[in-house]
$ cat data_28.pdb   # PDB, C-alpha atoms
ATOM      1  CA  MET A   1     103.636 -83.146 -42.525
ATOM      2  CA  ALA A   2     102.593 -85.107 -39.463
ATOM      3  CA  SER A   3     105.180 -85.820 -36.847
ATOM      4  CA  THR A   4     105.991 -89.318 -35.679
ATOM      5  CA  ILE A   5     106.224 -90.320 -32.058
ATOM      6  CA  LEU A   6     108.394 -93.278 -31.140
ATOM      7  CA  PRO A   7     106.886 -95.933 -28.846
ATOM      8  CA  SER A   8     106.935 -94.578 -25.323
ATOM      9  CA  LEU A   9     106.246 -95.684 -21.776
ATOM     10  CA  ARG A  10     102.551 -95.332 -21.000
ATOM     11  CA  LEU A  11     101.307 -95.986 -17.499
ATOM     12  CA  ARG A  12      97.634 -96.264 -16.618
ATOM     13  CA  PRO A  13      97.371 -96.535 -12.837
ATOM     14  CA  ASN A  14      94.184 -97.734 -11.208
ATOM     15  CA  PHE A  15      92.750 -95.107  -8.876
ATOM     16  CA  SER A  16      91.970 -97.429  -5.975
ATOM     17  CA  ALA A  17      91.451 -96.554  -2.329
ATOM     18  CA  SER A  18      94.212 -99.002  -1.446
ATOM     19  CA  MET A  19      96.921 -96.847  -2.998
ATOM     20  CA  SER A  20      99.025 -95.298  -0.283
ATOM     21  CA  THR A  21      99.614 -91.611   0.293
ATOM     22  CA  SER A  22     102.340 -92.232   2.830
ATOM     23  CA  SER A  23     104.443 -89.430   1.384
ATOM     24  CA  SER A  24     102.068 -86.950   2.974
ATOM     25  CA  SER A  25     102.728 -88.339   6.447
ATOM     26  CA  SER A  26     106.252 -87.005   6.371
ATOM     27  CA  ALA A  27     105.260 -83.644   4.896
ATOM     28  CA  GLY A  28     106.168 -81.845   8.109
ATOM     29  CA  GLU A  29     109.567 -83.546   8.335
ATOM     30  CA  VAL A  30     110.984 -83.250   4.831
ATOM     31  CA  LYS A  31     111.213 -80.119   2.728
ATOM     32  CA  HIS A  32     111.137 -81.060  -0.916
ATOM     33  CA  ARG A  33     112.177 -78.744  -3.700
ATOM     34  CA  PRO A  34     109.568 -76.034  -4.419
ATOM     35  CA  ALA A  35     107.341 -76.148  -7.490
ATOM     36  CA  VAL A  36     106.138 -73.437  -9.852
ATOM     37  CA  ILE A  37     102.674 -73.970 -11.349
ATOM     38  CA  LEU A  38     102.114 -72.463 -14.794
ATOM     39  CA  PRO A  39      98.459 -71.838 -15.798
ATOM     40  CA  GLY A  40      97.080 -72.993 -19.121
ATOM     41  CA  LEU A  41      95.473 -70.863 -21.808
ATOM     42  CA  GLY A  42      92.431 -69.025 -20.453
ATOM     43  CA  ASN A  43      93.050 -70.100 -16.862
ATOM     44  CA  ASN A  44      93.923 -67.852 -13.945
ATOM     45  CA  SER A  45      96.017 -68.400 -10.840
ATOM     46  CA  GLY A  46      92.971 -69.103  -8.675
ATOM     47  CA  ASP A  47      92.117 -72.200 -10.717
ATOM     48  CA  TYR A  48      95.178 -73.901  -9.197
ATOM     49  CA  LYS A  49      94.644 -73.037  -5.536
ATOM     50  CA  LYS A  50      93.462 -76.539  -4.659
ATOM     51  CA  LEU A  51      96.457 -78.047  -6.472
ATOM     52  CA  GLU A  52      98.739 -75.751  -4.508
ATOM     53  CA  VAL A  53      97.155 -76.943  -1.252
ATOM     54  CA  THR A  54      97.374 -80.604  -2.308
ATOM     55  CA  LEU A  55     101.087 -80.279  -3.087
ATOM     56  CA  GLY A  56     101.602 -78.681   0.306
ATOM     57  CA  GLU A  57     100.126 -81.774   1.959
ATOM     58  CA  TYR A  58     103.031 -83.732   0.486
ATOM     59  CA  GLY A  59     105.581 -81.203   1.700
ATOM     60  CA  VAL A  60     105.965 -79.481  -1.677
ATOM     61  CA  ARG A  61     105.743 -75.704  -1.421
ATOM     62  CA  ALA A  62     104.286 -74.207  -4.582
ATOM     63  CA  VAL A  63     104.119 -70.820  -6.264
ATOM     64  CA  VAL A  64     101.465 -70.220  -8.928
ATOM     65  CA  ALA A  65     102.498 -67.812 -11.678
ATOM     66  CA  ALA A  66     100.336 -64.703 -11.379
ATOM     67  CA  VAL A  67      97.958 -64.838 -14.347
ATOM     68  CA  SER A  68      94.421 -63.495 -14.714
ATOM     69  CA  ARG A  69      91.920 -64.383 -17.421
ATOM     70  CA  LEU A  70      92.095 -60.851 -18.761
ATOM     71  CA  ASP A  71      95.856 -61.213 -19.185
ATOM     72  CA  TRP A  72      95.296 -63.614 -22.045
ATOM     73  CA  PHE A  73      93.851 -60.780 -24.119
ATOM     74  CA  ARG A  74      97.412 -59.468 -24.310
ATOM     75  CA  ASN A  75      97.983 -62.135 -26.929
ATOM     76  CA  ALA A  76      95.766 -60.128 -29.276
ATOM     77  CA  SER A  77      98.782 -57.899 -29.871
ATOM     78  CA  GLY A  78      99.979 -60.604 -32.224
ATOM     79  CA  LEU A  79      97.196 -59.714 -34.639
ATOM     80  CA  VAL A  80      99.137 -56.662 -35.780
ATOM     81  CA  ASP A  81     102.209 -58.771 -36.523
ATOM     82  CA  PRO A  82     102.384 -59.851 -40.198
ATOM     83  CA  SER A  83     103.927 -63.136 -39.080
ATOM     84  CA  TYR A  84     100.632 -63.977 -37.370
ATOM     85  CA  TRP A  85      98.875 -64.012 -40.714
ATOM     86  CA  ARG A  86     101.736 -65.928 -42.331
ATOM     87  CA  GLY A  87     101.580 -68.527 -39.566
ATOM     88  CA  THR A  88     105.176 -67.838 -38.498
ATOM     89  CA  LEU A  89     104.550 -66.108 -35.172
ATOM     90  CA  ARG A  90     107.295 -66.279 -32.530
ATOM     91  CA  PRO A  91     106.740 -66.381 -28.765
ATOM     92  CA  ARG A  92     108.528 -63.084 -28.240
ATOM     93  CA  PRO A  93     107.479 -60.363 -27.875
ATOM     94  CA  VAL A  94     103.798 -61.393 -27.923
ATOM     95  CA  LEU A  95     104.197 -63.715 -24.909
ATOM     96  CA  ASP A  96     106.821 -61.745 -22.999
ATOM     97  CA  TRP A  97     104.194 -60.916 -20.384
ATOM     98  CA  TYR A  98     103.745 -64.630 -19.567
ATOM     99  CA  LEU A  99     107.475 -65.365 -19.583
ATOM    100  CA  ASN A 100     107.968 -62.499 -17.120
ATOM    101  CA  ARG A 101     105.298 -64.007 -14.849
ATOM    102  CA  ILE A 102     107.138 -67.325 -14.935
ATOM    103  CA  ASP A 103     110.373 -65.579 -14.036
ATOM    104  CA  ASP A 104     108.739 -63.776 -11.108
ATOM    105  CA  ALA A 105     107.344 -67.084  -9.821
ATOM    106  CA  VAL A 106     110.715 -68.804 -10.226
ATOM    107  CA  ARG A 107     112.363 -66.063  -8.147
ATOM    108  CA  LYS A 108     109.800 -66.528  -5.386
ATOM    109  CA  ALA A 109     110.254 -70.294  -5.465
ATOM    110  CA  ASN A 110     114.019 -69.887  -5.205
ATOM    111  CA  GLU A 111     113.473 -67.800  -2.082
ATOM    112  CA  LEU A 112     111.439 -70.671  -0.635
ATOM    113  CA  ALA A 113     114.253 -73.088  -1.473
ATOM    114  CA  GLN A 114     116.612 -71.101   0.777
ATOM    115  CA  GLY A 115     119.741 -72.369  -0.918
ATOM    116  CA  GLN A 116     118.880 -76.071  -0.673
ATOM    117  CA  GLY A 117     120.482 -76.581  -4.073
ATOM    118  CA  GLN A 118     117.872 -79.072  -5.280
ATOM    119  CA  GLY A 119     116.548 -76.981  -8.124
ATOM    120  CA  LEU A 120     112.878 -76.309  -8.816
ATOM    121  CA  SER A 121     110.027 -78.246 -10.383
ATOM    122  CA  LEU A 122     108.036 -76.557 -13.157
ATOM    123  CA  ILE A 123     104.482 -77.869 -13.493
ATOM    124  CA  GLY A 124     103.011 -76.656 -16.759
ATOM    125  CA  HIS A 125      99.312 -77.188 -17.367
ATOM    126  CA  SER A 126      98.275 -77.246 -21.020
ATOM    127  CA  ALA A 127      99.867 -74.290 -22.845
ATOM    128  CA  GLY A 128     101.851 -73.603 -19.674
ATOM    129  CA  GLY A 129     103.909 -76.688 -20.495
ATOM    130  CA  TRP A 130     105.270 -75.514 -23.831
ATOM    131  CA  LEU A 131     105.598 -71.973 -22.508
ATOM    132  CA  ALA A 132     107.833 -73.474 -19.814
ATOM    133  CA  ARG A 133     110.065 -74.833 -22.573
ATOM    134  CA  VAL A 134     110.263 -71.378 -24.125
ATOM    135  CA  TYR A 135     111.135 -69.930 -20.719
ATOM    136  CA  MET A 136     113.904 -72.474 -20.196
ATOM    137  CA  GLU A 137     115.322 -71.659 -23.620
ATOM    138  CA  GLU A 138     115.209 -67.896 -23.143
ATOM    139  CA  TYR A 139     115.961 -67.521 -19.423
ATOM    140  CA  GLY A 140     118.062 -70.618 -18.790
ATOM    141  CA  LYS A 141     117.331 -73.847 -16.977
ATOM    142  CA  SER A 142     120.038 -73.948 -14.306
ATOM    143  CA  ASP A 143     117.371 -73.544 -11.602
ATOM    144  CA  ILE A 144     115.127 -76.292 -13.014
ATOM    145  CA  SER A 145     115.377 -79.973 -12.066
ATOM    146  CA  LEU A 146     112.022 -81.168 -13.402
ATOM    147  CA  LEU A 147     109.547 -80.111 -16.062
ATOM    148  CA  LEU A 148     106.257 -81.919 -15.542
ATOM    149  CA  THR A 149     103.510 -81.148 -18.052
ATOM    150  CA  LEU A 150      99.805 -81.857 -17.631
ATOM    151  CA  GLY A 151      97.794 -82.174 -20.837
ATOM    152  CA  THR A 152     100.227 -79.992 -22.778
ATOM    153  CA  PRO A 153     100.010 -79.907 -26.590
ATOM    154  CA  HIS A 154     103.690 -80.305 -27.401
ATOM    155  CA  LEU A 155     103.895 -80.470 -31.198
ATOM    156  CA  PRO A 156     102.697 -78.272 -34.058
ATOM    157  CA  PRO A 157      99.703 -79.437 -36.109
ATOM    158  CA  PRO A 158     100.361 -81.365 -39.309
ATOM    159  CA  ARG A 159     101.014 -79.122 -42.292
ATOM    160  CA  GLY A 160      98.711 -79.294 -45.270
ATOM    161  CA  GLN A 161      96.025 -81.314 -43.512
ATOM    162  CA  PRO A 162      92.579 -80.443 -44.937
ATOM    163  CA  GLY A 163      90.427 -78.655 -42.387
ATOM    164  CA  VAL A 164      93.262 -78.247 -39.874
ATOM    165  CA  ILE A 165      94.413 -74.736 -38.951
ATOM    166  CA  ASP A 166      97.341 -73.922 -36.686
ATOM    167  CA  GLN A 167      95.597 -71.841 -34.054
ATOM    168  CA  THR A 168      98.953 -70.962 -32.491
ATOM    169  CA  ARG A 169      99.871 -69.261 -35.793
ATOM    170  CA  GLY A 170     103.370 -70.722 -35.817
ATOM    171  CA  LEU A 171     104.222 -70.627 -32.113
ATOM    172  CA  LEU A 172     104.475 -74.389 -31.724
ATOM    173  CA  TYR A 173     106.520 -74.746 -34.890
ATOM    174  CA  TYR A 174     108.937 -72.312 -33.272
ATOM    175  CA  VAL A 175     109.001 -74.349 -30.062
ATOM    176  CA  GLN A 176     109.696 -77.528 -32.005
ATOM    177  CA  ASP A 177     112.481 -75.966 -34.055
ATOM    178  CA  HIS A 178     114.190 -73.755 -31.466
ATOM    179  CA  CYS A 179     113.635 -75.188 -27.993
ATOM    180  CA  ALA A 180     115.858 -77.881 -26.546
ATOM    181  CA  LYS A 181     114.692 -81.424 -27.128
ATOM    182  CA  ALA A 182     113.423 -83.363 -24.160
ATOM    183  CA  VAL A 183     116.108 -85.570 -22.649
ATOM    184  CA  TYR A 184     115.294 -87.382 -19.422
ATOM    185  CA  THR A 185     118.419 -87.121 -17.277
ATOM    186  CA  PRO A 186     119.090 -87.096 -13.510
ATOM    187  CA  GLU A 187     119.910 -83.383 -13.785
ATOM    188  CA  LEU A 188     116.778 -82.373 -15.715
ATOM    189  CA  ARG A 189     113.805 -84.699 -16.003
ATOM    190  CA  TYR A 190     110.980 -84.266 -18.491
ATOM    191  CA  VAL A 191     107.690 -85.938 -17.526
ATOM    192  CA  CYS A 192     104.668 -85.533 -19.818
ATOM    193  CA  ILE A 193     101.278 -86.654 -18.523
ATOM    194  CA  ALA A 194      98.302 -87.249 -20.812
ATOM    195  CA  GLY A 195      94.701 -88.117 -20.003
ATOM    196  CA  ARG A 196      92.149 -90.499 -21.479
ATOM    197  CA  TYR A 197      88.782 -89.002 -20.655
ATOM    198  CA  ILE A 198      86.839 -89.349 -23.907
ATOM    199  CA  ARG A 199      87.467 -90.729 -27.361
ATOM    200  CA  GLY A 200      86.626 -88.421 -30.214
ATOM    201  CA  ALA A 201      84.704 -89.316 -33.339
ATOM    202  CA  PRO A 202      84.576 -87.810 -36.851
ATOM    203  CA  LEU A 203      81.636 -85.655 -37.845
ATOM    204  CA  VAL A 204      80.869 -88.175 -40.575
ATOM    205  CA  ASP A 205      81.541 -91.879 -40.080
ATOM    206  CA  ASN A 206      84.692 -93.102 -41.845
ATOM    207  CA  ALA A 207      85.794 -89.501 -42.459
ATOM    208  CA  ASP A 208      88.917 -90.180 -40.425
ATOM    209  CA  ALA A 209      90.858 -93.405 -40.328
ATOM    210  CA  ASP A 210      91.381 -94.948 -36.927
ATOM    211  CA  VAL A 211      94.862 -94.038 -35.755
ATOM    212  CA  ASP A 212      96.994 -95.888 -33.259
ATOM    213  CA  SER A 213      98.030 -93.461 -30.555
ATOM    214  CA  ASP A 214     101.714 -94.354 -30.946
ATOM    215  CA  VAL A 215     101.964 -93.459 -34.613
ATOM    216  CA  THR A 216     100.957 -90.027 -35.816
ATOM    217  CA  VAL A 217     100.342 -86.732 -34.173
ATOM    218  CA  GLY A 218     100.322 -83.045 -34.483
ATOM    219  CA  ILE A 219      98.962 -80.415 -32.157
ATOM    220  CA  ASP A 220      97.415 -77.094 -31.557
ATOM    221  CA  SER A 221      96.528 -75.192 -28.441
ATOM    222  CA  GLY A 222      92.989 -74.127 -29.222
ATOM    223  CA  GLU A 223      91.746 -75.554 -25.988
ATOM    224  CA  ALA A 224      89.152 -73.072 -24.776
ATOM    225  CA  ILE A 225      86.519 -73.958 -27.366
ATOM    226  CA  SER A 226      85.823 -77.554 -26.364
ATOM    227  CA  GLU A 227      86.799 -77.122 -22.726
ATOM    228  CA  LEU A 228      83.697 -75.299 -21.555
ATOM    229  CA  ALA A 229      81.330 -77.052 -23.908
ATOM    230  CA  ILE A 230      82.310 -80.553 -22.874
ATOM    231  CA  ALA A 231      81.923 -79.609 -19.233
ATOM    232  CA  SER A 232      78.508 -78.020 -19.499
ATOM    233  CA  ASN A 233      76.593 -79.281 -22.525
ATOM    234  CA  LYS A 234      74.604 -82.289 -21.245
ATOM    235  CA  LYS A 235      72.660 -82.575 -24.496
ATOM    236  CA  SER A 236      75.892 -83.499 -26.249
ATOM    237  CA  ASP A 237      75.737 -86.939 -24.593
ATOM    238  CA  LEU A 238      72.843 -87.869 -26.900
ATOM    239  CA  SER A 239      73.720 -90.345 -29.640
ATOM    240  CA  ASP A 240      72.911 -90.356 -33.348
ATOM    241  CA  SER A 241      71.589 -93.320 -35.337
ATOM    242  CA  SER A 242      75.049 -94.890 -35.443
ATOM    243  CA  GLY A 243      75.311 -94.911 -31.649
ATOM    244  CA  THR A 244      78.042 -92.264 -31.587
ATOM    245  CA  SER A 245      77.394 -89.415 -29.170
ATOM    246  CA  PHE A 246      77.246 -85.862 -30.422
ATOM    247  CA  ARG A 247      79.647 -85.072 -27.629
ATOM    248  CA  ALA A 248      82.258 -87.442 -29.088
ATOM    249  CA  ARG A 249      81.837 -85.874 -32.528
ATOM    250  CA  PHE A 250      82.162 -82.383 -31.092
ATOM    251  CA  VAL A 251      85.268 -83.293 -29.110
ATOM    252  CA  GLY A 252      86.641 -85.111 -32.134
ATOM    253  CA  GLN A 253      86.629 -81.879 -34.116
ATOM    254  CA  GLY A 254      88.762 -80.297 -31.405
ATOM    255  CA  TYR A 255      91.129 -83.242 -31.480
ATOM    256  CA  LYS A 256      91.353 -83.021 -35.251
ATOM    257  CA  GLN A 257      92.555 -79.420 -35.035
ATOM    258  CA  VAL A 258      95.209 -80.616 -32.627
ATOM    259  CA  CYS A 259      96.514 -83.834 -34.167
ATOM    260  CA  GLY A 260      94.921 -84.085 -37.589
ATOM    261  CA  THR A 261      92.411 -86.811 -36.769
ATOM    262  CA  ALA A 262      89.231 -87.018 -34.700
ATOM    263  CA  ASP A 263      89.121 -90.711 -33.784
ATOM    264  CA  VAL A 264      91.622 -90.697 -30.921
ATOM    265  CA  TRP A 265      91.567 -90.709 -27.129
ATOM    266  CA  GLY A 266      92.237 -87.564 -25.165
ATOM    267  CA  ASP A 267      91.398 -85.529 -22.087
ATOM    268  CA  GLY A 268      88.506 -83.763 -23.767
ATOM    269  CA  VAL A 269      90.710 -81.007 -25.185
ATOM    270  CA  VAL A 270      94.183 -82.354 -25.966
ATOM    271  CA  PRO A 271      94.619 -85.796 -27.573
ATOM    272  CA  GLU A 272      96.743 -88.322 -25.725
ATOM    273  CA  VAL A 273      99.203 -88.522 -28.614
ATOM    274  CA  SER A 274      99.715 -84.760 -28.507
ATOM    275  CA  ALA A 275     100.450 -84.554 -24.788
ATOM    276  CA  HIS A 276     103.536 -86.771 -25.031
ATOM    277  CA  LEU A 277     106.985 -85.686 -26.122
ATOM    278  CA  GLU A 278     109.725 -87.808 -27.611
ATOM    279  CA  GLY A 279     112.608 -88.154 -25.151
ATOM    280  CA  ALA A 280     110.459 -87.537 -22.067
ATOM    281  CA  LEU A 281     109.008 -90.001 -19.581
ATOM    282  CA  ASN A 282     105.486 -90.209 -21.015
ATOM    283  CA  VAL A 283     102.589 -91.266 -18.794
ATOM    284  CA  THR A 284      98.865 -91.699 -19.453
ATOM    285  CA  PHE A 285      96.101 -91.699 -16.834
ATOM    286  CA  ASP A 286      92.664 -93.113 -17.591
ATOM    287  CA  GLY A 287      89.571 -91.058 -16.827
ATOM    288  CA  VAL A 288      91.345 -87.724 -16.449
ATOM    289  CA  TYR A 289      89.781 -84.491 -17.713
ATOM    290  CA  HIS A 290      91.814 -81.599 -19.100
ATOM    291  CA  SER A 291      91.058 -78.585 -16.942
ATOM    292  CA  PRO A 292      90.195 -77.484 -13.412
ATOM    293  CA  VAL A 293      87.381 -75.503 -15.047
ATOM    294  CA  GLY A 294      84.344 -77.769 -15.252
ATOM    295  CA  SER A 295      85.962 -80.647 -13.377
ATOM    296  CA  ASP A 296      85.383 -82.164  -9.981
ATOM    297  CA  ASP A 297      87.348 -84.570  -7.825
ATOM    298  CA  GLU A 298      85.030 -87.546  -8.231
ATOM    299  CA  THR A 299      83.094 -87.953 -11.480
ATOM    300  CA  ARG A 300      85.345 -85.753 -13.615
ATOM    301  CA  PRO A 301      88.777 -85.448 -11.980
ATOM    302  CA  TRP A 302      91.403 -83.347 -13.720
ATOM    303  CA  TYR A 303      95.177 -83.697 -13.556
ATOM    304  CA  GLY A 304      95.332 -81.659 -10.350
ATOM    305  CA  SER A 305      92.618 -83.502  -8.432
ATOM    306  CA  PRO A 306      93.975 -85.147  -5.259
ATOM    307  CA  VAL A 307      93.092 -88.658  -6.481
ATOM    308  CA  ILE A 308      95.243 -88.048  -9.580
ATOM    309  CA  VAL A 309      98.040 -86.070  -7.914
ATOM    310  CA  LYS A 310      98.837 -89.003  -5.635
ATOM    311  CA  ASP A 311      99.838 -90.977  -8.735
ATOM    312  CA  TRP A 312     102.326 -88.417 -10.064
ATOM    313  CA  ILE A 313     103.523 -86.655  -6.916
ATOM    314  CA  HIS A 314     106.517 -89.001  -6.596
ATOM    315  CA  HIS A 315     108.157 -87.186  -9.512
ATOM    316  CA  LEU A 316     108.336 -84.073  -7.331
ATOM    317  CA  LEU A 317     109.670 -85.964  -4.311
ATOM    318  CA  GLU A 318     112.569 -87.716  -6.057
TER
END
$ encode --input "data_28.pdb" --output "structure tokens"
Amino acid sequence: MASTILPSLRLRPNFSASMSTSSSSSAGEVKHRPAVILPGLGNNSGDYKKLEVTLGEYGVRAVVAAVSRLDWFRNASGLVDPSYWRGTLRPRPVLDWYLNRIDDAVRKANELAQGQGQGLSLIGHSAGGWLARVYMEEYGKSDISLLLTLGTPHLPPPRGQPGVIDQTRGLLYYVQDHCAKAVYTPELRYVCIAGRYIRGAPLVDNADADVDSDVTVGIDSGEAISELAIASNKKSDLSDSSGTSFRARFVGQGYKQVCGTADVWGDGVVPEVSAHLEGALNVTFDGVYHSPVGSDDETRPWYGSPVIVKDWIHHLLE
């Protein structure tokens, strides 16, 4: 059954040179609450070094959770769990290693805070966003003032949809059913940022009905497949006889696994409708790619590129 998202605030800032970055001028004078950066599936800590530096220019000290690419192979332990094959997998114990890395990073960030009492900001990229919600449920959220997610698939995929398989094997159903709902309050703010980089297309024309991005969604976190291909496969920009690029059809198949339909906008990996969460402050940026892998700061900026950070950094400075 597909989930329904209520109409939400969607902002599409223009990335113009006239936009001010005055916050950075006072970086040496004001110490804002520290941030913890949580890597997405398949990413390692080094992928976020530039983001860490950019945040520092605004006076935000950041700690990146210590994750290597090889660490993600730990998830293979779930294959021996019968619940994996039933599609009812739970985050623990299979993802305890990641939750422990979050906790270590939170402790380091608290040391940076030096008793300022402002709480911490969690910045979850992709799967790191919903893993942050699991962490807050399991370890508590008294230290957290803001959860900001970047291209995070927040909802489980629609049940019973032909050709759609829950690649999380039940993890996101667990998150939806057991983690606290997003409620934007002064004490704990939820901000979910989505990107519009490319619109997907069905493999066969008219195979999927056009879907308004405010109506139906579902999600999955199988991001690694399309991520590298969209960044490197130049031949995929070629179009077929209908004028639709093979790239859009390829990306559309990834979107379909995430939200049940191919003909939607997204960041190249996660559809826009999947990166928003009911109850949160939901924001969309045009032209933003999903991952630091395969991106650049000009032609293919990702959520952590300086030109994009300047449009969401105020959430960390409030």
$ atom_distance --input "data_28.pdb" --atom1 "CA of Arg92 (chain A)" --atom2 "CA of Asn44 (chain A)"
21.0 Å
$ closest_residue --input "data_28.pdb" --among "A:Ser121, A:Asn43, A:Ser68, A:Thr149" --to "Asn282 (chain A)" --atoms "only C-alpha atoms"
A:Thr149
$ residues_around --input "data_28.pdb" --residues "Val53 (chain A)" --least-positions-apart "2" --cutoff "12 Å" --atoms "only C-alpha atoms" --output "PyMOL selection string"
chain A and resi 24+35+37+46-51+55-64+304-306+309
$ atom_distance --input "data_28.pdb" --atom1 "CA of Asp71 (chain A)" --atom2 "CA of Leu99 (chain A)"
12.3 Å
$ closest_residue --input "data_28.pdb" --among "A:Ile198, A:Ala180, A:Val164, A:Ala280" --to "Gly260 (chain A)" --atoms "only C-alpha atoms"
A:Val164
$ atom_distance --input "data_28.pdb" --atom1 "CA of Ala132 (chain A)" --atom2 "CA of His314 (chain A)"
20.4 Å
$ closest_residue --input "data_28.pdb" --among "A:Glu278, A:Ala127, A:Gly119, A:Cys259" --to "Pro162 (chain A)" --atoms "only C-alpha atoms"
A:Cys259
$ resolve_selection --input "data_28.pdb" --expression "the PyMOL selection byres ((chain A and resi 191) around 9)" --output "VMD selection string"
chain A and resid 146 to 150 184 189 to 190 192 to 193 276 to 277 280 to 283 315
$ closest_residue --input "data_28.pdb" --among "A:Pro34, A:Gly279, A:Pro156, A:Gly252" --to "Lys108 (chain A)" --atoms "all atoms listed in the file"
A:Pro34
$ resolve_selection --input "data_28.pdb" --expression "the PyMOL selection byres ((chain A and resi 136-145) around 6)" --output "PyMOL selection string"
chain A and resi 119-121+133-135+146+179+187-188
